[in-house]
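The next block is work01.txt, given as compact mmCIF, C-alpha atoms.
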# COMPACT_ATOMS: atom_id res chain seq x y z
CA MET A 15 -54.08 -15.37 -154.32
CA VAL A 16 -57.80 -16.17 -154.38
CA LYS A 17 -58.58 -19.86 -154.85
CA LEU A 18 -61.73 -20.45 -156.86
CA LYS A 19 -63.02 -23.36 -154.81
CA ASN A 20 -66.49 -21.99 -154.16
CA TYR A 21 -68.21 -21.97 -157.53
CA ASN A 22 -71.29 -20.21 -156.15
CA ILE A 23 -69.37 -17.02 -155.44
CA LYS A 24 -70.44 -14.05 -157.59
CA GLU A 25 -68.07 -12.73 -160.22
CA ASN A 26 -68.29 -9.12 -158.95
CA GLU A 27 -66.96 -10.31 -155.59
CA LEU A 28 -63.77 -11.54 -157.28
CA HIS A 29 -63.04 -8.65 -159.66
CA PRO A 30 -64.61 -5.33 -160.68
CA PHE A 31 -65.12 -6.29 -164.33
CA HIS A 32 -68.27 -7.49 -166.04
CA LEU A 33 -68.08 -10.80 -167.88
CA VAL A 34 -70.83 -10.44 -170.43
CA ARG A 35 -73.18 -13.39 -170.84
CA PRO A 36 -73.73 -14.93 -174.32
CA SER A 37 -76.20 -12.78 -176.23
CA PRO A 38 -78.11 -13.34 -179.50
CA TRP A 39 -78.35 -9.63 -180.28
CA PRO A 40 -74.96 -8.91 -181.95
CA ILE A 41 -75.45 -11.52 -184.67
CA THR A 42 -79.12 -10.52 -184.99
CA VAL A 43 -78.11 -6.91 -185.60
CA SER A 44 -75.51 -8.05 -188.16
CA PHE A 45 -77.98 -10.07 -190.22
CA SER A 46 -80.65 -7.38 -189.94
CA LEU A 47 -78.22 -4.74 -191.19
CA PHE A 48 -77.23 -7.04 -194.05
CA PHE A 49 -80.84 -7.47 -195.19
CA PHE A 50 -81.63 -3.78 -194.68
CA LEU A 51 -78.66 -2.60 -196.75
CA MET A 52 -79.41 -5.20 -199.44
CA GLY A 53 -82.96 -3.89 -199.61
CA LEU A 54 -81.71 -0.31 -199.77
CA VAL A 55 -79.43 -1.11 -202.71
CA LYS A 56 -82.25 -2.97 -204.47
CA TRP A 57 -84.59 -0.03 -203.89
CA MET A 58 -82.07 2.47 -205.34
CA HIS A 59 -81.78 0.32 -208.49
CA ASN A 60 -85.53 -0.42 -208.75
CA LEU A 61 -84.97 -4.16 -208.34
CA ASP A 62 -87.50 -6.76 -207.25
CA TYR A 63 -88.21 -7.63 -203.61
CA ALA A 64 -86.58 -4.42 -202.31
CA GLN A 65 -89.48 -3.64 -199.96
CA ILE A 66 -89.40 -7.14 -198.46
CA PHE A 67 -85.71 -6.87 -197.62
CA LEU A 68 -86.14 -3.34 -196.26
CA HIS A 69 -89.06 -4.25 -194.01
CA PHE A 70 -87.50 -7.49 -192.81
CA GLY A 71 -84.16 -5.82 -192.04
CA GLY A 72 -85.74 -2.75 -190.45
CA ILE A 73 -88.05 -4.71 -188.16
CA GLY A 74 -85.26 -7.11 -187.17
CA LEU A 75 -82.87 -4.22 -186.49
CA THR A 76 -85.40 -2.35 -184.35
CA PHE A 77 -86.27 -5.48 -182.37
CA ALA A 78 -82.64 -6.45 -181.76
CA ILE A 79 -81.48 -2.96 -180.77
CA TYR A 80 -84.40 -2.54 -178.36
CA ASN A 81 -83.70 -5.83 -176.62
CA TRP A 82 -79.93 -5.29 -176.60
CA PHE A 83 -80.26 -1.88 -174.98
CA ARG A 84 -82.84 -3.27 -172.54
CA ASP A 85 -80.36 -5.93 -171.44
CA ILE A 86 -77.63 -3.32 -170.93
CA VAL A 87 -79.94 -1.14 -168.84
CA TYR A 88 -80.93 -4.18 -166.79
CA GLU A 89 -77.27 -5.14 -166.21
CA ALA A 90 -76.40 -1.62 -165.12
CA THR A 91 -79.45 -0.72 -163.05
CA PHE A 92 -80.75 -3.91 -161.48
CA GLU A 93 -77.82 -6.34 -161.51
CA GLY A 94 -75.17 -3.78 -160.57
CA HIS A 95 -72.57 -5.01 -163.07
CA HIS A 96 -71.47 -1.50 -164.11
CA THR A 97 -68.85 -0.96 -161.45
CA ARG A 98 -66.42 1.95 -161.43
CA LYS A 99 -63.95 0.02 -163.61
CA VAL A 100 -66.69 -0.92 -166.06
CA ARG A 101 -67.89 2.70 -166.26
CA GLN A 102 -64.32 3.82 -167.00
CA GLY A 103 -64.23 1.38 -169.90
CA LEU A 104 -67.60 2.59 -171.13
CA ARG A 105 -66.42 6.19 -171.03
CA MET A 106 -63.33 5.31 -173.04
CA GLY A 107 -65.46 3.38 -175.53
CA MET A 108 -67.85 6.32 -175.98
CA ALA A 109 -64.93 8.73 -176.41
CA LEU A 110 -63.42 6.51 -179.11
CA PHE A 111 -66.79 6.20 -180.81
CA ILE A 112 -67.15 10.00 -180.95
CA LEU A 113 -63.58 10.20 -182.29
CA SER A 114 -64.56 7.84 -185.10
CA GLU A 115 -67.52 10.12 -185.85
CA VAL A 116 -65.15 13.10 -185.99
CA MET A 117 -63.10 11.25 -188.62
CA PHE A 118 -66.31 10.46 -190.49
CA PHE A 119 -67.30 14.12 -190.81
CA PHE A 120 -63.68 15.13 -191.45
CA SER A 121 -63.81 13.18 -194.71
CA PHE A 122 -66.90 15.16 -195.79
CA PHE A 123 -65.28 18.49 -194.94
CA PHE A 124 -62.13 17.43 -196.81
CA ALA A 125 -64.19 16.67 -199.92
CA TYR A 126 -66.02 20.00 -199.58
CA PHE A 127 -62.87 22.09 -199.27
CA HIS A 128 -61.23 20.14 -202.10
CA SER A 129 -64.09 21.06 -204.44
CA ALA A 130 -64.62 24.61 -203.13
CA LEU A 131 -61.00 25.79 -203.05
CA SER A 132 -60.11 24.30 -206.42
CA PRO A 133 -63.30 24.03 -208.48
CA SER A 134 -62.87 22.07 -211.68
CA VAL A 135 -63.57 23.21 -215.22
CA GLY A 136 -66.59 20.94 -215.31
CA ILE A 137 -68.44 23.18 -212.84
CA GLY A 138 -67.23 26.45 -214.37
CA CYS A 139 -64.21 27.01 -212.11
CA THR A 140 -66.50 28.72 -209.59
CA TRP A 141 -67.97 27.82 -206.22
CA PRO A 142 -70.87 27.47 -205.82
CA PRO A 143 -71.23 26.09 -209.37
CA LYS A 144 -73.18 28.11 -211.88
CA GLY A 145 -76.91 27.52 -211.72
CA ILE A 146 -76.93 26.75 -208.00
CA GLU A 147 -79.03 29.11 -205.89
CA THR A 148 -77.68 28.66 -202.38
CA ILE A 149 -79.77 28.83 -199.21
CA ASP A 150 -79.70 32.12 -197.32
CA PRO A 151 -77.66 31.38 -194.17
CA TYR A 152 -79.39 34.14 -192.19
CA GLU A 153 -82.90 32.76 -192.43
CA LEU A 154 -83.87 29.18 -191.47
CA PRO A 155 -80.27 27.94 -190.97
CA LEU A 156 -79.64 30.72 -188.44
CA LEU A 157 -82.80 29.77 -186.55
CA ASN A 158 -81.71 26.12 -186.53
CA THR A 159 -78.32 27.15 -185.20
CA ALA A 160 -79.95 29.04 -182.34
CA LEU A 161 -82.19 26.04 -181.58
CA LEU A 162 -79.33 23.56 -181.49
CA LEU A 163 -77.06 25.79 -179.39
CA THR A 164 -79.92 26.33 -176.95
CA SER A 165 -80.42 22.57 -176.73
CA GLY A 166 -76.76 22.26 -175.77
CA LEU A 167 -77.42 24.57 -172.84
CA THR A 168 -80.54 22.71 -171.75
CA VAL A 169 -78.83 19.29 -171.81
CA THR A 170 -76.06 20.74 -169.62
CA TRP A 171 -78.74 22.13 -167.32
CA ALA A 172 -80.27 18.64 -167.10
CA HIS A 173 -76.86 17.15 -166.25
CA LYS A 174 -76.25 19.67 -163.46
CA ALA A 175 -79.73 18.99 -162.06
CA ILE A 176 -79.08 15.24 -161.99
CA ILE A 177 -75.82 15.80 -160.10
CA ALA A 178 -77.71 18.04 -157.66
CA GLY A 179 -80.37 15.35 -157.17
CA ASN A 180 -83.16 17.52 -158.56
CA LYS A 181 -85.22 15.02 -160.58
CA LYS A 182 -88.05 17.41 -161.49
CA GLU A 183 -85.73 20.10 -162.82
CA SER A 184 -83.63 17.62 -164.79
CA ALA A 185 -86.78 16.12 -166.34
CA HIS A 186 -87.95 19.57 -167.45
CA ALA A 187 -84.56 20.43 -168.93
CA LEU A 188 -84.26 17.09 -170.71
CA SER A 189 -87.80 17.37 -172.10
CA LEU A 190 -86.95 20.81 -173.44
CA THR A 191 -83.82 19.40 -175.09
CA VAL A 192 -85.84 16.67 -176.81
CA LEU A 193 -88.36 19.27 -177.99
CA LEU A 194 -85.64 21.50 -179.45
CA GLY A 195 -84.10 18.52 -181.24
CA GLY A 196 -87.46 17.65 -182.77
CA ILE A 197 -88.06 21.24 -183.91
CA PHE A 198 -84.58 21.35 -185.47
CA THR A 199 -85.32 18.18 -187.46
CA TYR A 200 -88.66 19.59 -188.65
CA PHE A 201 -87.09 22.85 -189.84
CA GLN A 202 -84.35 20.87 -191.59
CA LEU A 203 -87.05 19.04 -193.57
CA VAL A 204 -88.72 22.36 -194.37
CA GLU A 205 -85.38 23.66 -195.65
CA TYR A 206 -84.94 20.61 -197.89
CA ASP A 207 -88.49 20.96 -199.20
CA ASN A 208 -87.91 24.61 -200.20
CA ALA A 209 -84.39 24.22 -201.59
CA THR A 210 -83.98 24.96 -205.31
CA PHE A 211 -81.45 22.16 -205.84
CA SER A 212 -81.36 18.46 -205.06
CA ILE A 213 -78.75 15.82 -204.26
CA THR A 214 -78.43 15.06 -208.00
CA ASP A 215 -77.35 18.63 -208.88
CA GLY A 216 -73.65 17.98 -209.24
CA ILE A 217 -70.94 18.04 -206.60
CA TYR A 218 -72.52 20.89 -204.64
CA GLY A 219 -75.87 19.17 -204.23
CA SER A 220 -74.22 15.85 -203.35
CA LEU A 221 -71.97 17.37 -200.69
CA PHE A 222 -74.65 19.64 -199.24
CA TYR A 223 -77.20 16.89 -198.72
CA MET A 224 -74.63 14.31 -197.60
CA MET A 225 -73.16 16.63 -194.97
CA THR A 226 -76.37 18.16 -193.65
CA GLY A 227 -78.33 14.92 -194.12
CA PHE A 228 -75.91 12.78 -192.15
CA HIS A 229 -75.85 15.44 -189.46
CA GLY A 230 -79.65 15.34 -189.44
CA ILE A 231 -79.54 11.55 -188.95
CA HIS A 232 -77.20 12.11 -185.99
CA VAL A 233 -79.67 14.63 -184.55
CA ILE A 234 -82.49 12.08 -184.83
CA ILE A 235 -80.36 9.38 -183.18
CA GLY A 236 -79.29 11.81 -180.45
CA THR A 237 -82.92 12.82 -179.84
CA LEU A 238 -83.94 9.15 -179.46
CA PHE A 239 -80.96 8.69 -177.13
CA LEU A 240 -82.22 11.54 -174.96
CA VAL A 241 -85.80 10.21 -175.02
CA VAL A 242 -84.53 6.91 -173.59
CA CYS A 243 -82.62 8.85 -170.94
CA LEU A 244 -85.77 10.81 -170.08
CA VAL A 245 -87.73 7.58 -169.58
CA ARG A 246 -84.94 6.16 -167.42
CA LEU A 247 -84.80 9.39 -165.43
CA LEU A 248 -88.53 9.21 -164.69
CA LYS A 249 -88.06 5.58 -163.58
CA ASN A 250 -85.30 6.63 -161.14
CA HIS A 251 -82.50 4.78 -162.96
CA PHE A 252 -80.04 7.65 -162.44
CA THR A 253 -78.36 8.75 -159.23
CA LYS A 254 -76.03 11.62 -158.41
CA LYS A 255 -72.95 9.46 -158.98
CA THR A 256 -74.08 6.77 -161.42
CA HIS A 257 -75.70 8.18 -164.56
CA PHE A 258 -73.28 7.31 -167.33
CA GLY A 259 -76.15 6.54 -169.72
CA PHE A 260 -77.12 10.19 -169.60
CA GLU A 261 -73.51 11.36 -169.76
CA ALA A 262 -72.98 9.39 -172.98
CA ALA A 263 -76.10 10.96 -174.49
CA ALA A 264 -74.94 14.44 -173.44
CA TRP A 265 -71.48 13.89 -174.96
CA TYR A 266 -73.08 12.76 -178.21
CA TRP A 267 -75.41 15.77 -178.23
CA HIS A 268 -72.56 18.22 -177.68
CA PHE A 269 -70.69 16.54 -180.54
CA VAL A 270 -73.74 17.10 -182.78
CA ASP A 271 -73.80 20.77 -181.71
CA ILE A 272 -70.13 21.30 -182.56
CA VAL A 273 -70.44 19.63 -185.97
CA TRP A 274 -73.40 21.87 -186.79
CA ILE A 275 -71.42 25.01 -185.93
CA TYR A 276 -68.75 23.97 -188.45
CA LEU A 277 -71.41 23.06 -191.01
CA TYR A 278 -73.15 26.39 -190.61
CA ALA A 279 -69.91 28.36 -190.83
CA VAL A 280 -68.45 26.44 -193.80
CA VAL A 281 -71.38 25.24 -195.89
CA TYR A 282 -73.99 27.94 -195.29
CA ILE A 283 -71.92 31.12 -194.76
CA TRP A 284 -68.50 30.63 -196.37
CA GLY A 285 -69.70 28.25 -199.08
CA SER A 286 -72.49 30.53 -200.25

Please express the file's structure as structure tokens.
Amino acid sequence: MVKLKNYNIKENELHPFHLVRPSPWPITVSFSLFFFLMGLVKWMHNLDYAQIFLHFGGIGLTFAIYNWFRDIVYEATFEGHHTRKVRQGLRMGMALFILSEVMFFFSFFFAYFHSALSPSVGIGCTWPPKGIETIDPYELPLLNTALLLTSGLTVTWAHKAIIAGNKKESAHALSLTVLLGGIFTYFQLVEYDNATFSITDGIYGSLFYMMTGFHGIHVIIGTLFLVVCLVRLLKNHFTKKTHFGFEAAAWYWHFVDIVWIYLYAVVYIWGS
């Protein structure tokens, strides 16, 4: 049994876990989200002071997330708190987070199949509903599918290069992945701009824009995730054995790829 008589001894010399120091960022993120969502609701209902709440919440959220992530990177890279045990916990946490995202999209697919397989009288007992001109799945959506699947290959290429210790090759592959993610987002906006229906056009419009829109938000978040990893890679934060930050981003990106395959097959091809 270790007797804790020497109070100057470091915690990582006693156990492999990381005892997190008190941080102001969790409560800052909570309050910022509260003000941002309040502003969003006010904006949707054309109420007063919506812009103030949106700007205040958005700026606070950006500031808090930046500093929170900075502290985590500092703890992992410079303080050495992310031991093997800690990385195992982080991997489990990321896996559970992705599982929660799977459940999130499952609810959307459930709603889509419920409406498509048993269309109500209110929409003419047909799917797609009458008056809806669906998007051709073999034009821009097919190009976006090719872009996203290619980005899945390039992020895997970047991972293999990091493991091999080839910084230059991994930077090129990761930069290409970020570029493909940005192009995908641009083409998604072009698709929305040229669509003949909107989110207010009944159940089809609501489901289409909710499913593809939330996926688009995940693509944007994943692209930002990879940009941070690219900066860290250029600053030599990753080694052959310790690069969980990149692994988490790669897992998230592959999840985004898989969800898009299901979206393309169900919403664009089968649903049209």

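Closest approach to His268 of chain A among A:Ile213, A:Leu162, A:Met108, A:Ala64 is made by A:Leu162 (distances from all atoms listed in the file).
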
Which protein, DNA or RNA residues are at most 12 Å from (-66.6, 4.4, -167.3) in the file's coordinates when you count only C-alpha atoms, listed as a PyMOL selection string?
-> chain A and resi 30-31+90+95-109+255-259+261-262

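Between Gly72 of chain A and the residues A:Leu47, A:Asp85, A:His232, A:Ala185, the shortest atom-to-atom distance, using all atoms listed in the file, involves A:Leu47.
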
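The shortest atom-to-atom distance to Phe45 of chain A, with only C-alpha atoms taken into account, belongs to A:Phe67 out of A:Leu28, A:Gly166, A:Gly138, A:Phe67.
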
Which one is closest to Val204 of chain A: A:Gly285, A:Pro40, A:Pro142, A:Pro155? Count all atoms listed in the file.
-> A:Pro155
